[in-house]
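With compact mmCIF, C-alpha atoms inside, this is model_9.txt:
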```
# COMPACT_ATOMS: atom_id res chain seq x y z
CA PRO A 1 -5.44 -0.34 -19.54
CA ILE A 2 -1.92 -1.49 -18.63
CA ALA A 3 -3.21 -4.69 -17.04
CA THR A 4 -5.43 -5.40 -20.06
CA THR A 5 -2.62 -4.81 -22.54
CA LEU A 6 -0.21 -7.00 -20.63
CA ALA A 7 -2.79 -9.76 -20.15
CA ALA A 8 -3.28 -9.94 -23.91
CA ALA A 9 0.44 -10.62 -24.19
CA GLY A 10 0.40 -13.21 -21.42
CA ARG A 11 2.25 -11.00 -18.95
CA VAL A 12 1.55 -9.41 -15.54
CA LEU A 13 2.84 -6.35 -13.72
CA PRO A 14 2.15 -6.56 -9.98
CA ALA A 15 0.12 -3.46 -9.20
CA GLY A 16 -2.70 -2.14 -7.04
CA SER A 17 -6.16 -3.57 -6.59
CA CYS A 18 -8.08 -0.66 -8.14
CA ASP A 19 -7.82 -0.41 -11.91
CA THR A 20 -8.43 3.35 -11.95
CA VAL A 21 -5.21 4.10 -10.04
CA GLY A 22 -2.56 5.63 -12.30
CA ILE A 23 0.59 3.61 -12.81
CA ALA A 24 2.86 6.64 -12.30
CA GLY A 25 1.79 7.58 -8.78
CA LEU A 26 1.49 3.94 -7.76
CA THR A 27 5.04 3.14 -8.84
CA LEU A 28 6.69 6.29 -7.51
CA GLY A 29 5.25 5.71 -4.04
CA GLY A 30 6.14 2.02 -3.94
CA GLY A 31 3.11 0.20 -5.28
CA VAL A 32 1.30 -2.04 -2.80
CA GLY A 33 -0.95 -4.66 -4.36
CA VAL A 34 -2.54 -8.08 -4.01
CA LEU A 35 0.31 -10.14 -5.47
CA ASP A 36 3.23 -8.36 -3.83
CA ARG A 37 4.08 -11.08 -1.31
CA LYS A 38 4.98 -13.25 -4.30
CA TYR A 39 6.32 -10.70 -6.78
CA GLY A 40 7.24 -7.61 -4.76
CA LEU A 41 6.09 -4.00 -5.05
CA THR A 42 5.40 -2.33 -8.37
CA CYS A 43 8.54 -0.20 -7.95
CA ASP A 44 10.60 -3.39 -7.63
CA HIS A 45 9.79 -4.11 -11.27
CA LEU A 46 10.92 -0.72 -12.56
CA GLU A 47 13.92 -1.06 -14.88
CA ALA A 48 14.17 2.52 -16.16
CA ALA A 49 12.27 5.80 -16.17
CA ARG A 50 12.17 8.80 -18.49
CA ILE A 51 12.10 12.03 -16.49
CA VAL A 52 12.22 15.78 -17.06
CA THR A 53 14.16 17.39 -14.22
CA ALA A 54 13.83 20.90 -12.80
CA ASP A 55 16.42 22.32 -15.21
CA GLY A 56 14.34 21.18 -18.19
CA ARG A 57 16.60 18.26 -19.03
CA ALA A 58 15.00 15.03 -20.26
CA CYS A 59 16.90 11.90 -19.36
CA THR A 60 16.48 8.17 -18.88
CA VAL A 61 17.53 6.88 -15.47
CA SER A 62 18.30 3.32 -14.42
CA ARG A 63 20.65 1.39 -12.17
CA SER A 64 23.53 2.40 -14.42
CA ALA A 65 22.41 5.90 -15.49
CA GLU A 66 22.03 8.44 -12.66
CA PRO A 67 21.40 5.63 -10.17
CA ASP A 68 20.71 7.95 -7.21
CA LEU A 69 17.74 9.48 -9.01
CA PHE A 70 16.56 6.05 -10.15
CA TRP A 71 16.78 4.87 -6.52
CA ALA A 72 14.66 7.83 -5.36
CA LEU A 73 11.95 7.18 -7.96
CA ARG A 74 11.31 3.74 -6.46
CA GLY A 75 9.29 4.76 -3.41
CA GLY A 76 10.26 8.42 -2.98
CA GLY A 77 6.80 9.67 -3.88
CA GLY A 78 5.38 11.47 -6.89
CA GLY A 79 6.24 15.06 -7.76
CA ASN A 80 9.46 15.28 -5.76
CA PHE A 81 12.24 15.01 -8.32
CA GLY A 82 10.81 15.86 -11.72
CA ILE A 83 8.10 14.94 -14.19
CA VAL A 84 8.23 11.27 -15.12
CA THR A 85 7.03 10.72 -18.67
CA GLY A 86 7.75 7.03 -19.21
CA PHE A 87 8.47 3.76 -17.45
CA THR A 88 10.19 0.52 -18.42
CA PHE A 89 9.03 -2.41 -16.32
CA ARG A 90 10.04 -6.03 -15.89
CA THR A 91 6.94 -8.23 -16.05
CA VAL A 92 6.16 -11.81 -15.03
CA PRO A 93 4.21 -14.55 -16.82
CA ARG A 94 0.43 -14.54 -16.41
CA THR A 95 -1.06 -17.32 -14.32
CA ASP A 96 -4.48 -18.16 -12.94
CA VAL A 97 -5.22 -16.79 -9.47
CA ALA A 98 -7.38 -18.26 -6.72
CA THR A 99 -9.32 -15.53 -4.91
CA PHE A 100 -11.10 -16.00 -1.61
CA ASP A 101 -13.49 -14.15 0.70
CA LEU A 102 -14.41 -14.94 4.28
CA LYS A 103 -17.08 -13.01 6.17
CA PHE A 104 -17.10 -13.45 9.90
CA PRO A 105 -19.92 -12.46 12.27
CA VAL A 106 -19.95 -9.00 13.78
CA GLY A 107 -18.22 -9.18 17.14
CA THR A 108 -15.31 -11.29 15.89
CA GLN A 109 -13.15 -8.35 14.75
CA ALA A 110 -10.62 -8.78 17.57
CA ALA A 111 -10.49 -12.56 17.22
CA LEU A 112 -9.95 -12.27 13.46
CA PHE A 113 -7.13 -9.75 13.79
CA ALA A 114 -5.49 -11.74 16.59
CA ALA A 115 -5.55 -14.93 14.55
CA TRP A 116 -4.53 -13.23 11.32
CA GLN A 117 -1.40 -11.53 12.64
CA ASP A 118 0.01 -14.92 13.65
CA TRP A 119 -1.33 -16.84 10.65
CA GLN A 120 -0.43 -14.59 7.72
CA PRO A 121 3.35 -14.32 8.37
CA ALA A 122 3.54 -18.12 8.43
CA MET A 123 1.86 -18.45 5.04
CA PRO A 124 3.73 -19.18 1.80
CA ASP A 125 4.62 -16.13 -0.30
CA GLU A 126 1.98 -17.25 -2.79
CA LEU A 127 -0.76 -16.26 -0.34
CA TRP A 128 -1.68 -12.61 0.15
CA SER A 129 -4.62 -11.43 2.23
CA GLY A 130 -6.31 -8.24 3.29
CA MET A 131 -8.83 -7.58 6.03
CA GLY A 132 -11.69 -5.14 6.15
CA LEU A 133 -12.62 -4.18 9.71
CA GLY A 134 -15.39 -1.84 10.77
CA ALA A 135 -18.19 -1.59 13.29
CA ASP A 136 -20.43 -3.78 11.14
CA HIS A 137 -18.05 -6.13 9.38
CA ALA A 138 -15.06 -8.46 9.84
CA ASN A 139 -13.97 -9.69 6.43
CA LEU A 140 -10.90 -11.33 4.95
CA GLY A 141 -10.11 -11.67 1.27
CA GLY A 142 -7.05 -12.45 -0.76
CA THR A 143 -5.22 -14.26 -3.52
CA PHE A 144 -3.33 -17.51 -3.81
CA LEU A 145 -0.98 -18.61 -6.59
CA GLY A 146 -1.17 -22.33 -5.96
CA PRO A 147 -3.45 -25.37 -5.85
CA PRO A 148 -6.98 -24.63 -4.59
CA ALA A 149 -6.87 -27.65 -2.27
CA GLN A 150 -3.80 -26.20 -0.53
CA LEU A 151 -5.57 -22.86 -0.15
CA ASP A 152 -8.58 -24.58 1.41
CA ALA A 153 -6.34 -26.19 4.03
CA LEU A 154 -4.67 -22.88 4.84
CA LEU A 155 -8.03 -21.15 5.27
CA ASP A 156 -9.25 -23.99 7.49
CA ASP A 157 -6.26 -23.29 9.71
CA LEU A 158 -7.15 -19.61 10.00
CA ILE A 159 -10.76 -20.39 10.85
CA ARG A 160 -9.64 -22.74 13.62
CA ARG A 161 -7.49 -19.94 15.02
CA VAL A 162 -10.38 -17.44 14.92
CA GLY A 163 -12.57 -19.89 16.82
CA THR A 164 -15.76 -18.87 15.01
CA PRO A 165 -16.76 -20.13 11.55
CA PRO A 166 -17.41 -17.54 8.84
CA VAL A 167 -20.98 -16.85 7.83
CA GLN A 168 -19.83 -16.86 4.23
CA ARG A 169 -16.88 -18.54 2.52
CA ARG A 170 -16.10 -18.22 -1.17
CA ARG A 171 -13.18 -19.38 -3.27
CA GLN A 172 -12.81 -19.12 -7.02
CA VAL A 173 -10.04 -19.71 -9.55
CA ARG A 174 -9.93 -16.97 -12.19
CA ASP A 175 -7.67 -15.74 -14.93
CA HIS A 176 -5.36 -12.98 -13.71
CA LEU A 177 -7.28 -10.06 -15.18
CA SER A 178 -10.62 -11.24 -13.80
CA ALA A 179 -9.06 -11.80 -10.40
CA MET A 180 -7.68 -8.27 -10.28
CA ARG A 181 -10.98 -6.79 -11.35
CA SER A 182 -12.79 -8.71 -8.64
CA PHE A 183 -11.04 -6.62 -6.00
CA ASP A 184 -12.64 -3.46 -7.30
CA ASP A 185 -16.05 -4.57 -6.05
CA ARG A 186 -15.05 -6.86 -3.22
CA GLU A 187 -17.34 -6.42 -0.26
CA SER A 188 -14.46 -6.28 2.19
CA ARG A 189 -13.50 -2.93 0.66
CA PRO A 190 -15.39 0.12 1.91
CA GLY A 191 -18.26 1.14 -0.35
CA LEU A 192 -17.26 4.80 -0.25
CA ALA A 193 -14.08 4.01 -2.17
CA LEU A 194 -15.88 1.80 -4.65
CA ASN A 195 -18.49 4.43 -5.47
CA ARG A 196 -15.88 7.16 -5.95
CA ALA A 197 -17.52 9.22 -3.23
CA ALA A 198 -15.66 11.99 -1.42
CA TYR A 199 -13.56 10.53 1.36
CA VAL A 200 -10.34 11.06 3.27
CA GLY A 201 -7.70 8.50 4.10
CA THR A 202 -4.57 8.02 6.12
CA SER A 203 -2.34 5.11 7.06
CA ARG A 204 0.02 3.39 9.45
CA MET A 205 2.35 0.40 9.09
CA LEU A 206 2.24 -2.50 11.54
CA LEU A 207 5.95 -2.97 12.21
CA ARG A 208 5.70 -5.98 14.51
CA ARG A 209 3.09 -8.23 16.07
CA ALA A 210 0.63 -6.32 18.29
CA PRO A 211 0.85 -7.83 21.80
CA ASP A 212 -2.75 -6.78 22.57
CA PRO A 213 -4.76 -7.22 19.35
CA ALA A 214 -8.04 -6.52 21.15
CA ALA A 215 -6.75 -3.08 22.16
CA VAL A 216 -5.87 -2.33 18.53
CA VAL A 217 -9.34 -3.25 17.36
CA GLU A 218 -10.88 -1.21 20.18
CA VAL A 219 -9.11 1.88 18.82
CA LEU A 220 -10.24 1.11 15.27
CA LEU A 221 -13.88 0.66 16.24
CA ALA A 222 -13.82 3.81 18.37
CA ALA A 223 -13.06 5.92 15.30
CA PRO A 224 -16.55 7.10 14.20
CA GLY A 225 -17.55 5.85 10.77
CA VAL A 226 -14.02 4.78 9.81
CA ASP A 227 -13.34 1.66 7.77
CA THR A 228 -9.95 0.01 8.17
CA ILE A 229 -8.25 -1.94 5.38
CA ILE A 230 -5.31 -4.11 6.47
CA ASP A 231 -3.04 -5.40 3.70
CA ALA A 232 -0.45 -8.09 4.35
CA GLY A 233 3.26 -7.45 3.96
CA GLY A 234 6.18 -9.83 4.04
CA GLY A 235 7.31 -12.26 1.39
CA ALA A 236 9.05 -10.69 -1.58
CA ILE A 237 8.51 -7.20 -0.15
CA ALA A 238 10.75 -8.03 2.80
CA ALA A 239 13.34 -9.72 0.58
CA VAL A 240 14.51 -6.24 -0.51
CA GLY A 241 16.49 -4.20 2.00
CA ALA A 242 14.99 -1.03 3.48
CA ARG A 243 17.74 1.09 1.87
CA GLU A 244 17.87 -0.67 -1.50
CA THR A 245 14.96 1.42 -2.79
CA ALA A 246 13.38 4.56 -1.38
CA PHE A 247 10.43 2.58 0.02
CA PRO A 248 11.43 2.01 3.67
CA HIS A 249 8.69 -0.21 5.12
CA ARG A 250 10.12 -3.49 3.89
CA THR A 251 9.77 -5.49 7.09
CA ALA A 252 6.30 -4.26 8.07
CA LEU A 253 3.80 -7.03 8.76
CA ALA A 254 0.98 -5.01 7.20
CA SER A 255 -0.26 -1.63 6.10
CA PHE A 256 -3.33 -0.14 7.79
CA GLN A 257 -5.43 2.25 5.72
CA PHE A 258 -8.18 4.29 7.35
CA LEU A 259 -10.99 5.67 5.20
CA ARG A 260 -14.03 7.75 6.02
CA GLY A 261 -16.63 9.41 3.85
CA ALA A 262 -16.50 13.22 3.66
CA GLU A 263 -20.06 13.88 2.54
CA PRO A 264 -21.58 17.17 3.76
CA GLU A 265 -24.32 15.34 5.65
CA ARG A 266 -21.62 13.56 7.68
CA GLY A 267 -19.74 16.72 8.62
CA GLY A 268 -17.65 17.08 5.48
CA GLU A 269 -13.89 16.83 5.21
CA ALA A 270 -13.12 18.38 8.59
CA GLU A 271 -15.15 15.78 10.49
CA ALA A 272 -13.75 12.97 8.35
CA ARG A 273 -10.18 14.03 9.14
CA ARG A 274 -10.96 14.16 12.85
CA ALA A 275 -12.37 10.65 12.68
CA VAL A 276 -9.44 9.04 10.84
CA ALA A 277 -7.03 10.78 13.23
CA VAL A 278 -8.63 8.87 16.11
CA ALA A 279 -7.48 5.63 14.53
CA ARG A 280 -4.19 6.91 13.15
CA ASP A 281 -2.95 8.44 16.40
CA GLY A 282 -4.47 6.02 18.90
CA LEU A 283 -2.49 2.92 18.00
CA GLY A 284 0.39 1.49 20.01
CA PRO A 285 4.17 1.62 19.59
CA GLU A 286 4.16 -1.39 17.29
CA PHE A 287 2.99 1.03 14.58
CA GLY A 288 5.72 3.58 15.23
CA THR A 289 5.73 6.88 13.38
CA THR A 290 4.86 5.47 9.99
CA GLY A 291 2.72 6.13 6.94
CA TYR A 292 2.46 5.16 3.27
CA VAL A 293 3.29 8.05 0.96
CA ASN A 294 0.57 7.02 -1.51
CA TYR A 295 -1.94 7.88 1.22
CA LEU A 296 -0.83 11.50 1.51
CA ASP A 297 -2.28 12.95 4.70
CA PRO A 298 -1.86 16.73 5.17
CA GLU A 299 -2.34 16.35 8.93
CA LEU A 300 0.01 13.42 9.49
CA PRO A 301 2.42 14.26 12.34
CA ASP A 302 6.10 13.98 11.39
CA TRP A 303 5.06 13.14 7.84
CA ALA A 304 8.55 13.06 6.33
CA GLU A 305 9.82 10.53 8.85
CA ALA A 306 6.56 8.59 8.59
CA TYR A 307 6.73 8.23 4.80
CA TYR A 308 10.46 7.76 4.31
CA GLY A 309 12.01 6.54 7.57
CA VAL A 310 15.70 5.68 7.24
CA ASN A 311 15.76 6.92 3.65
CA LEU A 312 14.76 10.50 4.42
CA PRO A 313 18.28 12.02 4.53
CA ARG A 314 19.29 10.47 1.21
CA LEU A 315 16.02 11.48 -0.44
CA ARG A 316 16.47 15.08 0.64
CA ALA A 317 20.00 15.03 -0.75
CA VAL A 318 18.71 13.77 -4.11
CA ALA A 319 16.04 16.49 -4.11
CA ARG A 320 18.68 19.17 -3.44
CA LYS A 321 20.82 17.82 -6.26
CA TYR A 322 18.10 17.67 -8.91
CA ASP A 323 15.88 20.54 -7.74
CA PRO A 324 18.15 23.04 -5.94
CA ARG A 325 15.77 25.95 -6.52
CA GLY A 326 12.64 24.21 -5.25
CA ILE A 327 10.76 24.17 -8.55
CA PHE A 328 8.84 21.10 -7.43
CA ALA A 329 8.27 22.18 -3.82
CA PHE A 330 4.87 21.45 -2.26
CA PRO A 331 3.64 21.21 1.36
CA GLN A 332 4.69 17.58 1.83
CA GLY A 333 7.44 17.62 -0.76
CA LEU A 334 11.14 16.97 -0.34
CA SER A 335 12.40 20.01 -2.24
CA ALA A 336 13.02 23.19 -0.25
CA PRO A 337 10.50 25.96 -1.01
CA ARG A 338 11.75 28.57 -3.47
CA SER A 339 11.52 31.25 -0.78
CA THR A 340 14.53 29.64 0.95
CA VAL A 341 16.83 30.06 -2.04
CA HIS A 342 19.95 31.94 -0.99
CA ILE A 343 20.53 35.51 -2.23
CA GLY A 344 22.70 35.47 -5.33
CA GLU A 345 21.13 32.32 -6.82
CA THR A 346 19.21 32.64 -10.04
```
Could you render the structure as C-alpha cells?
Amino acid sequence: PIATTLAAAGRVLPAGSCDTVGIAGLTLGGGVGVLDRKYGLTCDHLEAARIVTADGRACTVSRSAEPDLFWALRGGGGGNFGIVTGFTFRTVPRTDVATFDLKFPVGTQAALFAAWQDWQPAMPDELWSGMGLGADHANLGGTFLGPPAQLDALLDDLIRRVGTPPVQRRRQVRDHLSAMRSFDDRESRPGLALNRAAYVGTSRMLLRRAPDPAAVVEVLLAAPGVDTIIDAGGGAIAAVGARETAFPHRTALASFQFLRGAEPERGGEAEARRAVAVARDGLGPEFGTTGYVNYLDPELPDWAEAYYGVNLPRLRAVARKYDPRGIFAFPQGLSAPRSTVHIGET
C-alpha cells in the first residue's frame, strides 16, 4: 500500500520487511527494516504527525510545534500519548536493490554468528543483513545498494570467515518494490510468521560483540522450537544520538527476535512463552536489559527500562503532561493508571 504508492512516484520510505505491518505502529516504535543501515529507521523520516491527545485536542506536532511530543512519537511506542491519525514523512529516491541469500549447513550456526558479528560492522552502510538461526538452519540474507560485483566480494569475505561454504548462494538485482516483497517469503524467516500462524515473540538487543559466540548460539538452540532472527544495526541508525529520538538502541550491533509457534498441539501460548523466555533470559551481559518495543512481551522483566533505556524518564514526563489522567494507560504503557489519579482531580 504505502510502498506501492511511493514506488509509483519513484520514492521510497525505509520500513519493515513485512508488507502487512501497519505504518503507524512501525513508526511509533522506531521502525527497523532492511535498508536502515543506509537510510535510518522509519521514525527518522517522520517530519510531522497529526494526533488527538487525551483531552480531545487534535494537533499537528513537529520539531517546531510541541517538539517534546514529536520527540516521544519517534520510538516511544504506540498508544502511549494519543491517537495518531496522520503522518508526514521524508522519502528518498527509489533505486534498484541487490538481495542475497546464503544457506549454510546445519552445524555451522556458531561459526556463522561468530564470523558475522565481526564482518557486518565492518561493512559499508549500503549493506544490511539478517540471520535466521534455528536447530535446523543457519541462513543469512540481506540487501545491498551498490554494484553486484562489490557485493560478491563482500560475501566471499564472510564465507572465508565462516570456514564452510554455503550449500546455497543466491544474489539478484531487483527493483525496490520487488526486493522488499522478496523478504516476505524468504526462507531465512520462520515459516510460522510467513503463514500468519499463532505465535509469540520477544527480543533482545546485542549491545556489543559477544566474546563467546558459541555460548550465545548454545542458548538459542537450547530454546525448544524457537527460531531466532538477527537483524543488523549500525550505519545510519547509529548516526543519530540515543537521546535525539525516543528510540534508545542506537549503538546496538543487532536486534535478536525470538519466535515460536503457539499452536495447541505444541502446548499453546503458555508453552511458547516458556520457550522464548529460555532464549531471552539466558543470554550474556552483552545483551543487557533490552528489548524492542515493537515486540511487546507481557512477561519481559523490567520492560520499561528494556524498551526505553535512557529515555524512560523523559518519556514518562511527556506522558504525564499529555495524559495526566491515564486515559491511555495499559499494562505496558507509560501513562499512570486512572486509579492513581489524586482525589480532587476530575
Shell around stretch 197-202 of chain A at 12 Å using only C-alpha atoms, local window under 5 positions removed, as a PDB file with C-alpha atoms, keeping the file's coordinate frame:
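Written output follows (around-v3.pdb):
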```
ATOM      1  CA  PRO A 190     -15.390   0.120   1.910  1.00  0.00           C
ATOM      2  CA  GLY A 191     -18.260   1.140  -0.350  1.00  0.00           C
ATOM      3  CA  LEU A 192     -17.260   4.800  -0.250  1.00  0.00           C
ATOM      4  CA  GLY A 225     -17.550   5.850  10.770  1.00  0.00           C
ATOM      5  CA  VAL A 226     -14.020   4.780   9.810  1.00  0.00           C
ATOM      6  CA  ASP A 227     -13.340   1.660   7.770  1.00  0.00           C
ATOM      7  CA  THR A 228      -9.950   0.010   8.170  1.00  0.00           C
ATOM      8  CA  ILE A 229      -8.250  -1.940   5.380  1.00  0.00           C
ATOM      9  CA  SER A 255      -0.260  -1.630   6.100  1.00  0.00           C
ATOM     10  CA  PHE A 256      -3.330  -0.140   7.790  1.00  0.00           C
ATOM     11  CA  GLN A 257      -5.430   2.250   5.720  1.00  0.00           C
ATOM     12  CA  PHE A 258      -8.180   4.290   7.350  1.00  0.00           C
ATOM     13  CA  LEU A 259     -10.990   5.670   5.200  1.00  0.00           C
ATOM     14  CA  ARG A 260     -14.030   7.750   6.020  1.00  0.00           C
ATOM     15  CA  GLY A 261     -16.630   9.410   3.850  1.00  0.00           C
ATOM     16  CA  ALA A 262     -16.500  13.220   3.660  1.00  0.00           C
ATOM     17  CA  GLU A 263     -20.060  13.880   2.540  1.00  0.00           C
ATOM     18  CA  PRO A 264     -21.580  17.170   3.760  1.00  0.00           C
ATOM     19  CA  GLU A 265     -24.320  15.340   5.650  1.00  0.00           C
ATOM     20  CA  ARG A 266     -21.620  13.560   7.680  1.00  0.00           C
ATOM     21  CA  GLY A 267     -19.740  16.720   8.620  1.00  0.00           C
ATOM     22  CA  GLY A 268     -17.650  17.080   5.480  1.00  0.00           C
ATOM     23  CA  GLU A 269     -13.890  16.830   5.210  1.00  0.00           C
ATOM     24  CA  ALA A 270     -13.120  18.380   8.590  1.00  0.00           C
ATOM     25  CA  GLU A 271     -15.150  15.780  10.490  1.00  0.00           C
ATOM     26  CA  ALA A 272     -13.750  12.970   8.350  1.00  0.00           C
ATOM     27  CA  ARG A 273     -10.180  14.030   9.140  1.00  0.00           C
ATOM     28  CA  ARG A 274     -10.960  14.160  12.850  1.00  0.00           C
ATOM     29  CA  ALA A 275     -12.370  10.650  12.680  1.00  0.00           C
ATOM     30  CA  VAL A 276      -9.440   9.040  10.840  1.00  0.00           C
ATOM     31  CA  ALA A 277      -7.030  10.780  13.230  1.00  0.00           C
ATOM     32  CA  VAL A 278      -8.630   8.870  16.110  1.00  0.00           C
ATOM     33  CA  ALA A 279      -7.480   5.630  14.530  1.00  0.00           C
ATOM     34  CA  ARG A 280      -4.190   6.910  13.150  1.00  0.00           C
ATOM     35  CA  ASP A 281      -2.950   8.440  16.400  1.00  0.00           C
ATOM     36  CA  THR A 290       4.860   5.470   9.990  1.00  0.00           C
ATOM     37  CA  GLY A 291       2.720   6.130   6.940  1.00  0.00           C
ATOM     38  CA  TYR A 292       2.460   5.160   3.270  1.00  0.00           C
ATOM     39  CA  VAL A 293       3.290   8.050   0.960  1.00  0.00           C
ATOM     40  CA  ASN A 294       0.570   7.020  -1.510  1.00  0.00           C
ATOM     41  CA  TYR A 295      -1.940   7.880   1.220  1.00  0.00           C
ATOM     42  CA  LEU A 296      -0.830  11.500   1.510  1.00  0.00           C
ATOM     43  CA  ASP A 297      -2.280  12.950   4.700  1.00  0.00           C
ATOM     44  CA  PRO A 298      -1.860  16.730   5.170  1.00  0.00           C
ATOM     45  CA  GLU A 299      -2.340  16.350   8.930  1.00  0.00           C
ATOM     46  CA  LEU A 300       0.010  13.420   9.490  1.00  0.00           C
ATOM     47  CA  PRO A 301       2.420  14.260  12.340  1.00  0.00           C
ATOM     48  CA  TRP A 303       5.060  13.140   7.840  1.00  0.00           C
ATOM     49  CA  ALA A 306       6.560   8.590   8.590  1.00  0.00           C
ATOM     50  CA  TYR A 307       6.730   8.230   4.800  1.00  0.00           C
TER      51      TYR A 307
END
```
- Query: If we count only C-alpha atoms, what is near A:Ala215 at a cut-off of 12 Å, once residues fewer than 6 positions away on the same chain are taken out, given as a PyMOL selection string?
  - Reply: chain A and resi 109-111+113-114+221-222+279+282-284
Dump of C-alpha atoms for the selected residues, as a PDB file, in the coordinates of the input:
```
ATOM      1  CA  GLN A 109     -13.150  -8.350  14.750  1.00  0.00           C
ATOM      2  CA  ALA A 110     -10.620  -8.780  17.570  1.00  0.00           C
ATOM      3  CA  ALA A 111     -10.490 -12.560  17.220  1.00  0.00           C
ATOM      4  CA  PHE A 113      -7.130  -9.750  13.790  1.00  0.00           C
ATOM      5  CA  ALA A 114      -5.490 -11.740  16.590  1.00  0.00           C
ATOM      6  CA  LEU A 221     -13.880   0.660  16.240  1.00  0.00           C
ATOM      7  CA  ALA A 222     -13.820   3.810  18.370  1.00  0.00           C
ATOM      8  CA  ALA A 279      -7.480   5.630  14.530  1.00  0.00           C
ATOM      9  CA  GLY A 282      -4.470   6.020  18.900  1.00  0.00           C
ATOM     10  CA  LEU A 283      -2.490   2.920  18.000  1.00  0.00           C
ATOM     11  CA  GLY A 284       0.390   1.490  20.010  1.00  0.00           C
TER      12      GLY A 284
END
```
- Given all atoms listed in the file as the counted atoms, nearest of A:Ala58, A:Ile2, A:Leu315, A:Ala179 to A:Val34: A:Ala179
- All residues 10 Å or closer to A:Val162, only C-alpha atoms, same chain fewer than 2 positions away omitted, as a PyMOL selection string: chain A and resi 104+108-116+156-160+164-166
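Note that atom CA of A:Asp212 and atom CA of A:Leu102 are 23.2 Å apart.
Here atom CA of A:Gly75 is placed at a distance of 23.9 Å from atom CA of A:Met131.
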- Message: I'd like the interatomic distance between atom CA of A:Ala252 and atom CA of A:Val32, to a tenth of an Å.
- Response: 12.2 Å
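Nearest-residue note for A:Lys321: choosing from A:Met180, A:Cys43, A:Leu26, A:Ala54, the minimum distance belongs to A:Ala54, counting all atoms listed in the file.
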- Message: Which residues are near A:Thr245? Cut-off 7 Å, all atoms listed in the file, ignore same chain within fewer than 5 positions. Put them as a PyMOL selection string.
- Response: chain A and resi 71-72+74-75
- Can you list, as a list in words, every protein, DNA or RNA residue that comes within 10 Å of A:Val97 when you count all atoms listed in the file, leaving out same-chain residues fewer than 5 positions away? Leu35, Glu126, Gly142, Thr143, Phe144, Leu145, Gly146, Pro147, Pro148, Gln172, Val173, Arg174, Asp175, His176, Leu177, Ser178, Ala179 and Met180 of chain A
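Taking all atoms listed in the file into account, A:Ala135 lies nearest to A:Ala223 out of the set A:Ala223, A:Leu46, A:Cys59, A:Ile83.
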- Pull the neighbourhood of (-16.2, -17.5, 1.1) for me: all residues within 8 Å in file coordinates, counting only C-alpha atoms, as a ChimeraX atom specification. /A:100-103,166,168-171
Output of the above residues as a PDB file, in the coordinates of the input, restricted to C-alpha atoms:
```pdb
ATOM      1  CA  PHE A 100     -11.100 -16.000  -1.610  1.00  0.00           C
ATOM      2  CA  ASP A 101     -13.490 -14.150   0.700  1.00  0.00           C
ATOM      3  CA  LEU A 102     -14.410 -14.940   4.280  1.00  0.00           C
ATOM      4  CA  LYS A 103     -17.080 -13.010   6.170  1.00  0.00           C
ATOM      5  CA  PRO A 166     -17.410 -17.540   8.840  1.00  0.00           C
ATOM      6  CA  GLN A 168     -19.830 -16.860   4.230  1.00  0.00           C
ATOM      7  CA  ARG A 169     -16.880 -18.540   2.520  1.00  0.00           C
ATOM      8  CA  ARG A 170     -16.100 -18.220  -1.170  1.00  0.00           C
ATOM      9  CA  ARG A 171     -13.180 -19.380  -3.270  1.00  0.00           C
TER      10      ARG A 171
END
```
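Of the residues listed (A:Pro224, A:Thr88, A:Gly78, A:Gly16), A:Thr88 shows the shortest atom-to-atom separation from A:Ser62; distances use only C-alpha atoms.
Closest to A:Val217 among A:Ile230, A:Ala8, A:Ala304, A:Ile327 is A:Ile230, based on all atoms listed in the file.
Proximity ranking of A:Arg57, A:Arg181, A:His137, A:Arg63 relative to A:Cys18 places A:Arg181 first, based on only C-alpha atoms.
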